[in-house]
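Here the structure is laid out as structure tokens; the discussion comes afterwards.
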Amino acid sequence: MNILFIHIKELLQTRDKSEVKMMGKSMSELPHIKNAFLRIKGDTIHSYGSMSSLVIKATDKVIDITGKIILPTWCDSHSHVVYTGDRSQEFVDRINGLSYENIAAKGGGILNSAQTLQDTSESDLYKQSIERVNDLIKLGTGALEIKSGYGLSTEAELKMLRVIKKIKEDSAVKIKATFLGAHAIPNKYKNNKKGYIDLIINQMLPKIHQEQLADFIDVFCEKGYFSLKDTSQVLQAATKYGLIPKIHVNQFNAFGGVALGVKHKALSVDHLEVLNEEDIAVLKNTETMPVALPGCSFFLGIPYTPARDLIDSGLPLAIATDFNPGSAPSGNMNFIVSLACIKMNMTPEEAINAATINGAFAMNISEDYGSICVGKKASLIVTKDLTSYRQIPYYFGNNPIYKVMINGELID
């Protein structure tokens, strides 16, 4: 179907296809056209411009959206949407004074989710997870990375990745799959971490490759989880299967994980709540995207990624939800954009760039997503009537969305 939007109050993130990420001062630039039109042909963006330059052509549907803004859908490059149950008791435990680390030491946290997931059938896991994904689409997410990591056994990790694959097949949203078997040490290997790493390398990775279940490989590089040596070993083993590295790093401690990610040509290094000058220096002149997860900081009450230090040093930054049952139980990217402005001192322009074009880069999908560009997928947010795009982060907690289009189809 050919669709023509007319009288768009502001058409945001209009860029040349060669622009795949924004960094440093360029993150404050958000190109837009006021009183614009946007023509969609099939599932792609056909043309756009100011209303004064519109040439009337035959079209299937004309939509007048006077007062409304159009921008690309959010690109959420870090999520754990495939899980079962919840960890609301741990939420109460934290209110009563226990830390995230205390809860994990008692067998909660990731191990709690792993036990619940292992006891859940693949069909039930799919049903719960696809409902979450459908809810995220309504909140404006058009591209979503989903990690495994709540299985922690060969069978359960494969179960998660098969569910992600089915979501990829059934959902209109763009899905990228990440294998995160190195998320925690399961109880069975409590005193034998080497044995569990061997299981990841010798059993999980070959089977994942055989079924073509993952695009990326991830490791939770953190004290008490996987060391620099452990992380390097897993990432090195994954290279022969063509998996691109992404790393959970610097959530609680800075001890060289960022440099390790750069060494392994990681597509992104995610969390970065604790960051030092050496980390910032090593990221310069690389293709590794720093990714902040402010929803996790908000929920756990831990520091926020020092966005200003990164951006003012000339680096790029993406933001994502980290949607998971334990430390960030929300996949609402609109709220994440608000948090980036309110808690990380990012401007609305920087936050929107971080959630669209830079998020697409952190998922390796810049060719088709992240900006308004001829030939890219027509995955769009149509806002409610707003005076400015700055109201998206300003009205935190509100839903600014009127309609969402995914690949040329308006979502009801």
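Identifiers in the structure tokens: chain A, B, ... in order shown; residue index from 1 per chain; ligand index from 1 in order shown.
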Residues of stretch 56-87 of chain A that have any atom at most 12 Å from an atom of stretch 174-197 of chain A: could you tabulate them with the shortest-distance atom pair and the distance in Å to one decimal, using only C-alpha atoms, ordered by chain and increasing number, as a Markdown table?
```
| residue | atom | partner | partner_atom | distance |
| --- | --- | --- | --- | --- |
| A:Thr73 | CA | A:Lys174 | CA | 10.7 |
| A:Trp74 | CA | A:Lys174 | CA | 10.9 |
| A:Cys75 | CA | A:Lys174 | CA | 9.0 |
| A:Asp76 | CA | A:Ile175 | CA | 9.8 |
| A:Ser77 | CA | A:Lys176 | CA | 8.5 |
| A:His78 | CA | A:Thr178 | CA | 9.3 |
| A:Ser79 | CA | A:Thr178 | CA | 9.5 |
| A:His80 | CA | A:Thr178 | CA | 9.5 |
| A:Val81 | CA | A:Ala177 | CA | 11.0 |
| A:Val82 | CA | A:Ala177 | CA | 10.7 |
```
For the selection you just gave me, I'd like the residues written to a file as a short mmCIF file (atom, residue, chain, number, x, y, z; two decimals), in the first residue's frame, keeping C-alpha atoms.
```
data_model
loop_
_atom_site.label_atom_id
_atom_site.label_comp_id
_atom_site.auth_asym_id
_atom_site.auth_seq_id
_atom_site.Cartn_x
_atom_site.Cartn_y
_atom_site.Cartn_z
CA THR A 73 10.64 4.12 15.89
CA TRP A 74 12.90 3.51 18.87
CA CYS A 75 15.79 1.08 18.43
CA ASP A 76 16.19 -0.76 21.75
CA SER A 77 19.60 -2.41 21.52
CA HIS A 78 19.64 -4.14 24.92
CA SER A 79 16.80 -6.20 26.37
CA HIS A 80 16.02 -9.46 28.15
CA VAL A 81 12.36 -9.63 27.11
CA VAL A 82 12.25 -13.44 26.99
#
```
- Task: Once DSSP has gone over the backbone, tell me which residues of stretch 125-340 of chain A are in strand (DSSP E), as a PyMOL selection string.
- Result: chain A and resi 141-147+174-182+216-221+244-249+268-271+289-292+318-319
- Task: Determine, counting only C-alpha atoms, which protein, DNA and RNA residues have an atom within 7 Å of an atom of A:Lys246; residues of the same chain fewer than 5 positions away are not included. Present the result as a list of chain:residue names.
- Result: A:Phe216, A:Ile217, A:Asp218, A:Ala266, A:Leu267, A:Ser268, A:Val269
Written selection (N, CA and C atoms) as an mmCIF file, in the first residue's frame:
```
data_model
loop_
_atom_site.group_PDB
_atom_site.id
_atom_site.type_symbol
_atom_site.label_atom_id
_atom_site.label_comp_id
_atom_site.auth_asym_id
_atom_site.auth_seq_id
_atom_site.Cartn_x
_atom_site.Cartn_y
_atom_site.Cartn_z
ATOM 1 N N PHE A 216 24.577 -12.213 17.886
ATOM 2 C CA PHE A 216 25.616 -11.642 18.742
ATOM 3 C C PHE A 216 25.961 -12.591 19.890
ATOM 4 N N ILE A 217 27.131 -12.354 20.497
ATOM 5 C CA ILE A 217 27.560 -13.055 21.714
ATOM 6 C C ILE A 217 27.795 -11.999 22.791
ATOM 7 N N ASP A 218 27.346 -12.294 24.009
ATOM 8 C CA ASP A 218 27.479 -11.339 25.105
ATOM 9 C C ASP A 218 28.012 -12.069 26.336
ATOM 10 N N ALA A 266 34.108 -5.320 19.843
ATOM 11 C CA ALA A 266 32.715 -5.412 20.257
ATOM 12 C C ALA A 266 31.877 -4.345 19.557
ATOM 13 N N LEU A 267 30.693 -4.718 19.119
ATOM 14 C CA LEU A 267 29.779 -3.766 18.514
ATOM 15 C C LEU A 267 29.339 -2.731 19.547
ATOM 16 N N SER A 268 29.158 -3.189 20.797
ATOM 17 C CA SER A 268 28.777 -2.258 21.855
ATOM 18 C C SER A 268 29.309 -2.731 23.201
ATOM 19 N N VAL A 269 29.506 -1.781 24.097
ATOM 20 C CA VAL A 269 29.795 -2.059 25.508
ATOM 21 C C VAL A 269 28.666 -1.413 26.301
#
```
- Message: Taking 4 positions as the minimum chain separation for residues in the same chain, which residues sit within 9 Å of A:Glu211 when counting only C-alpha atoms? Answer as number ranges by chain.
- Response: A: 162, 206-207
- Item | Pick from A:Ile208, A:Asp119, A:Met344, A:Asp170, whichever lies nearest to A:Glu157 using only C-alpha atoms | A:Ile208
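The list of residues with at least one atom within 12 Å of A:Ala36, based on only C-alpha atoms and without residues fewer than 5 positions apart in the same chain, reads A:Leu4, A:Phe5, A:Ile6, A:His7, A:Ile8, A:Lys9, A:Glu10, A:Leu11, A:Leu12, A:Thr14, A:Ser47, A:Tyr48, A:Gly49, A:Ser50, A:Met51, A:Ser52, A:Ser53, A:Leu54, A:Asp64, A:Ile65, A:Thr66, A:Gly67, A:Lys68, A:Ile69, A:Ile70, A:Leu71.
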- Looking only at helix (DSSP H, G or I) from DSSP on the backbone, list the matching residues of stretch 178-258 of chain A as a ChimeraX atom specification. /A:187-189,193-211,228-239,257-258
Could those residues be written to a file, using N, CA and C atoms, as a JSON list (two decimals), in the first residue's frame?
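Result file is selection19.json:
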```
[["chain", "number", "residue", "atom", "x", "y", "z"],
["A", 187, "ASN", "N", 24.08, -22.93, 39.73],
["A", 187, "ASN", "CA", 24.41, -23.63, 40.99],
["A", 187, "ASN", "C", 25.17, -24.93, 40.75],
["A", 188, "LYS", "N", 24.84, -25.62, 39.68],
["A", 188, "LYS", "CA", 25.49, -26.89, 39.37],
["A", 188, "LYS", "C", 27.00, -26.73, 39.20],
["A", 189, "TYR", "N", 27.43, -25.54, 38.77],
["A", 189, "TYR", "CA", 28.85, -25.27, 38.52],
["A", 189, "TYR", "C", 29.42, -24.24, 39.50],
["A", 193, "LYS", "N", 33.65, -23.05, 37.78],
["A", 193, "LYS", "CA", 33.37, -22.08, 36.71],
["A", 193, "LYS", "C", 34.00, -22.51, 35.40],
["A", 194, "LYS", "N", 35.18, -23.08, 35.45],
["A", 194, "LYS", "CA", 35.84, -23.54, 34.23],
["A", 194, "LYS", "C", 34.97, -24.57, 33.51],
["A", 195, "GLY", "N", 34.34, -25.45, 34.28],
["A", 195, "GLY", "CA", 33.47, -26.45, 33.68],
["A", 195, "GLY", "C", 32.29, -25.82, 32.95],
["A", 196, "TYR", "N", 31.74, -24.74, 33.53],
["A", 196, "TYR", "CA", 30.61, -24.08, 32.87],
["A", 196, "TYR", "C", 31.07, -23.34, 31.61],
["A", 197, "ILE", "N", 32.22, -22.71, 31.67],
["A", 197, "ILE", "CA", 32.75, -22.04, 30.47],
["A", 197, "ILE", "C", 33.02, -23.07, 29.37],
["A", 198, "ASP", "N", 33.54, -24.21, 29.75],
["A", 198, "ASP", "CA", 33.75, -25.28, 28.78],
["A", 198, "ASP", "C", 32.43, -25.73, 28.16],
["A", 199, "LEU", "N", 31.36, -25.77, 28.97],
["A", 199, "LEU", "CA", 30.04, -26.15, 28.47],
["A", 199, "LEU", "C", 29.56, -25.13, 27.43],
["A", 200, "ILE", "N", 29.74, -23.84, 27.73],
["A", 200, "ILE", "CA", 29.36, -22.79, 26.79],
["A", 200, "ILE", "C", 30.09, -22.96, 25.46],
["A", 201, "ILE", "N", 31.40, -23.17, 25.56],
["A", 201, "ILE", "CA", 32.25, -23.21, 24.37],
["A", 201, "ILE", "C", 32.06, -24.50, 23.57],
["A", 202, "ASN", "N", 32.00, -25.62, 24.25],
["A", 202, "ASN", "CA", 32.02, -26.92, 23.56],
["A", 202, "ASN", "C", 30.65, -27.51, 23.25],
["A", 203, "GLN", "N", 29.62, -27.05, 23.97],
["A", 203, "GLN", "CA", 28.28, -27.60, 23.71],
["A", 203, "GLN", "C", 27.31, -26.54, 23.19],
["A", 204, "MET", "N", 27.21, -25.43, 23.92],
["A", 204, "MET", "CA", 26.20, -24.44, 23.55],
["A", 204, "MET", "C", 26.50, -23.79, 22.21],
["A", 205, "LEU", "N", 27.70, -23.26, 22.06],
["A", 205, "LEU", "CA", 28.04, -22.53, 20.84],
["A", 205, "LEU", "C", 27.87, -23.37, 19.57],
["A", 206, "PRO", "N", 28.36, -24.62, 19.52],
["A", 206, "PRO", "CA", 28.16, -25.41, 18.30],
["A", 206, "PRO", "C", 26.69, -25.65, 17.97],
["A", 207, "LYS", "N", 25.86, -25.89, 18.99],
["A", 207, "LYS", "CA", 24.44, -26.15, 18.73],
["A", 207, "LYS", "C", 23.72, -24.88, 18.29],
["A", 208, "ILE", "N", 24.09, -23.76, 18.90],
["A", 208, "ILE", "CA", 23.50, -22.47, 18.49],
["A", 208, "ILE", "C", 23.86, -22.17, 17.04],
["A", 209, "HIS", "N", 25.10, -22.45, 16.67],
["A", 209, "HIS", "CA", 25.53, -22.23, 15.29],
["A", 209, "HIS", "C", 24.79, -23.17, 14.34],
["A", 210, "GLN", "N", 24.63, -24.39, 14.75],
["A", 210, "GLN", "CA", 23.97, -25.38, 13.89],
["A", 210, "GLN", "C", 22.54, -24.95, 13.56],
["A", 211, "GLU", "N", 21.85, -24.37, 14.53],
["A", 211, "GLU", "CA", 20.46, -23.95, 14.32],
["A", 211, "GLU", "C", 20.35, -22.47, 13.91],
["A", 228, "LEU", "N", 37.98, -10.91, 33.21],
["A", 228, "LEU", "CA", 38.51, -10.53, 31.90],
["A", 228, "LEU", "C", 38.97, -11.76, 31.13],
["A", 229, "LYS", "N", 39.65, -12.66, 31.83],
["A", 229, "LYS", "CA", 40.14, -13.88, 31.18],
["A", 229, "LYS", "C", 38.98, -14.74, 30.70],
["A", 230, "ASP", "N", 37.96, -14.90, 31.55],
["A", 230, "ASP", "CA", 36.78, -15.69, 31.18],
["A", 230, "ASP", "C", 36.11, -15.09, 29.95],
["A", 231, "THR", "N", 35.91, -13.78, 30.01],
["A", 231, "THR", "CA", 35.22, -13.07, 28.93],
["A", 231, "THR", "C", 35.97, -13.23, 27.61],
["A", 232, "SER", "N", 37.26, -13.04, 27.65],
["A", 232, "SER", "CA", 38.08, -13.16, 26.45],
["A", 232, "SER", "C", 37.99, -14.57, 25.87],
["A", 233, "GLN", "N", 37.98, -15.56, 26.75],
["A", 233, "GLN", "CA", 37.91, -16.95, 26.30],
["A", 233, "GLN", "C", 36.60, -17.23, 25.56],
["A", 234, "VAL", "N", 35.49, -16.74, 26.10],
["A", 234, "VAL", "CA", 34.19, -16.97, 25.47],
["A", 234, "VAL", "C", 34.08, -16.20, 24.16],
["A", 235, "LEU", "N", 34.50, -14.95, 24.15],
["A", 235, "LEU", "CA", 34.41, -14.15, 22.93],
["A", 235, "LEU", "C", 35.29, -14.73, 21.82],
["A", 236, "GLN", "N", 36.48, -15.18, 22.20],
["A", 236, "GLN", "CA", 37.39, -15.77, 21.22],
["A", 236, "GLN", "C", 36.78, -17.03, 20.60],
["A", 237, "ALA", "N", 36.16, -17.85, 21.44],
["A", 237, "ALA", "CA", 35.55, -19.09, 20.95],
["A", 237, "ALA", "C", 34.40, -18.80, 20.01],
["A", 238, "ALA", "N", 33.70, -17.70, 20.23],
["A", 238, "ALA", "CA", 32.52, -17.37, 19.42],
["A", 238, "ALA", "C", 32.88, -16.84, 18.04],
["A", 239, "THR", "N", 34.12, -16.39, 17.87],
["A", 239, "THR", "CA", 34.49, -15.79, 16.58],
["A", 239, "THR", "C", 34.39, -16.79, 15.43],
["A", 257, "GLY", "N", 37.25, -3.96, 31.48],
["A", 257, "GLY", "CA", 36.32, -4.62, 30.57],
["A", 257, "GLY", "C", 36.06, -3.84, 29.29],
["A", 258, "VAL", "N", 36.06, -2.53, 29.38],
["A", 258, "VAL", "CA", 35.83, -1.71, 28.18],
["A", 258, "VAL", "C", 36.97, -1.91, 27.18]]
```
- Excluding A:Tyr369 and any residue of its chain fewer than 5 positions from it, enumerate the residues within 7 Å of it, using only C-alpha atoms, and give them as a PyMOL selection string. chain A and resi 360+376-377
Could you turn the residues from that selection into a file that holds N, CA and C atoms, as a PDB file, in the first residue's frame?
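Writing done, so here's again_14.pdb:
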```
ATOM      1  N   ALA A 360      20.272   1.967  16.475  1.00  0.00           N
ATOM      2  CA  ALA A 360      20.344   1.122  15.276  1.00  0.00           C
ATOM      3  C   ALA A 360      21.775   0.664  15.023  1.00  0.00           C
ATOM      4  N   LYS A 376      14.918   3.443   3.515  1.00  0.00           N
ATOM      5  CA  LYS A 376      14.880   2.748   4.800  1.00  0.00           C
ATOM      6  C   LYS A 376      13.463   2.255   5.089  1.00  0.00           C
ATOM      7  N   LYS A 377      13.360   1.344   6.045  1.00  0.00           N
ATOM      8  CA  LYS A 377      12.068   0.792   6.407  1.00  0.00           C
ATOM      9  C   LYS A 377      11.156   1.878   6.985  1.00  0.00           C
TER      10      LYS A 377
END
```
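The residue that comes closest to A:Ile401, out of A:Leu125, A:Ala259, A:Cys341, A:Met333 and on the basis of only C-alpha atoms, is A:Met333.
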Please list as a PDB file with N, CA and C atoms, in the first residue's frame every residue within 8 Å of A:Cys221, counting only C-alpha atoms and excluding residues in the same chain fewer than 2 positions away.
```pdb
ATOM      1  N   VAL A 219      28.667 -11.325  27.214  1.00  0.00           N
ATOM      2  CA  VAL A 219      29.201 -11.859  28.472  1.00  0.00           C
ATOM      3  C   VAL A 219      28.989 -10.801  29.562  1.00  0.00           C
ATOM      4  N   LYS A 223      32.869  -8.356  38.408  1.00  0.00           N
ATOM      5  CA  LYS A 223      33.386  -9.072  39.567  1.00  0.00           C
ATOM      6  C   LYS A 223      32.293  -9.954  40.154  1.00  0.00           C
ATOM      7  N   TYR A 225      31.193 -12.534  38.606  1.00  0.00           N
ATOM      8  CA  TYR A 225      30.546 -13.210  37.481  1.00  0.00           C
ATOM      9  C   TYR A 225      31.622 -13.758  36.535  1.00  0.00           C
ATOM     10  N   PHE A 226      32.008 -13.008  35.516  1.00  0.00           N
ATOM     11  CA  PHE A 226      33.018 -13.487  34.578  1.00  0.00           C
ATOM     12  C   PHE A 226      34.158 -12.478  34.493  1.00  0.00           C
ATOM     13  N   SER A 227      35.359 -12.976  34.696  1.00  0.00           N
ATOM     14  CA  SER A 227      36.562 -12.136  34.714  1.00  0.00           C
ATOM     15  C   SER A 227      36.957 -11.740  33.297  1.00  0.00           C
ATOM     16  N   LEU A 228      37.983 -10.907  33.208  1.00  0.00           N
ATOM     17  CA  LEU A 228      38.511 -10.531  31.897  1.00  0.00           C
ATOM     18  C   LEU A 228      38.969 -11.759  31.127  1.00  0.00           C
ATOM     19  N   THR A 231      35.912 -13.777  30.006  1.00  0.00           N
ATOM     20  CA  THR A 231      35.221 -13.071  28.926  1.00  0.00           C
ATOM     21  C   THR A 231      35.967 -13.228  27.611  1.00  0.00           C
ATOM     22  N   ILE A 247      29.163  -6.626  25.105  1.00  0.00           N
ATOM     23  CA  ILE A 247      29.536  -6.975  26.481  1.00  0.00           C
ATOM     24  C   ILE A 247      28.773  -6.151  27.510  1.00  0.00           C
ATOM     25  N   HIS A 248      28.252  -6.847  28.551  1.00  0.00           N
ATOM     26  CA  HIS A 248      27.807  -6.188  29.773  1.00  0.00           C
ATOM     27  C   HIS A 248      29.081  -5.824  30.540  1.00  0.00           C
ATOM     28  N   VAL A 249      29.292  -4.558  30.820  1.00  0.00           N
ATOM     29  CA  VAL A 249      30.560  -4.190  31.451  1.00  0.00           C
ATOM     30  C   VAL A 249      30.409  -2.910  32.272  1.00  0.00           C
ATOM     31  N   ASN A 250      31.220  -2.801  33.325  1.00  0.00           N
ATOM     32  CA  ASN A 250      31.282  -1.588  34.159  1.00  0.00           C
ATOM     33  C   ASN A 250      29.941  -1.240  34.812  1.00  0.00           C
ATOM     34  N   GLY A 257      37.246  -3.960  31.480  1.00  0.00           N
ATOM     35  CA  GLY A 257      36.317  -4.619  30.571  1.00  0.00           C
ATOM     36  C   GLY A 257      36.059  -3.844  29.294  1.00  0.00           C
TER      37      GLY A 257
END
```
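The residue that comes closest to A:Ala156, out of A:Glu122, A:Asn35, A:Leu339, A:Ile137 and on the basis of only C-alpha atoms, is A:Glu122.
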- Students should find that atom CA of A:Lys165 and atom CA of A:Leu260 are spaced 29.0 Å
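Distances from A:Leu158, A:Arg308, A:Phe252, A:Val173 to A:Asp135 were compared using only C-alpha atoms, and the smallest one belongs to A:Val173.
Distances here use only C-alpha atoms; by that measure, the residue among A:Ser123, A:Asn334, A:Ser366, A:Asn134 closest to A:Ile352 is A:Asn334.
The smallest atom-to-atom distance between A:Pro290 and any of A:Leu317, A:Ala58, A:Met405, A:Ile311, using only C-alpha atoms, is found for A:Leu317.
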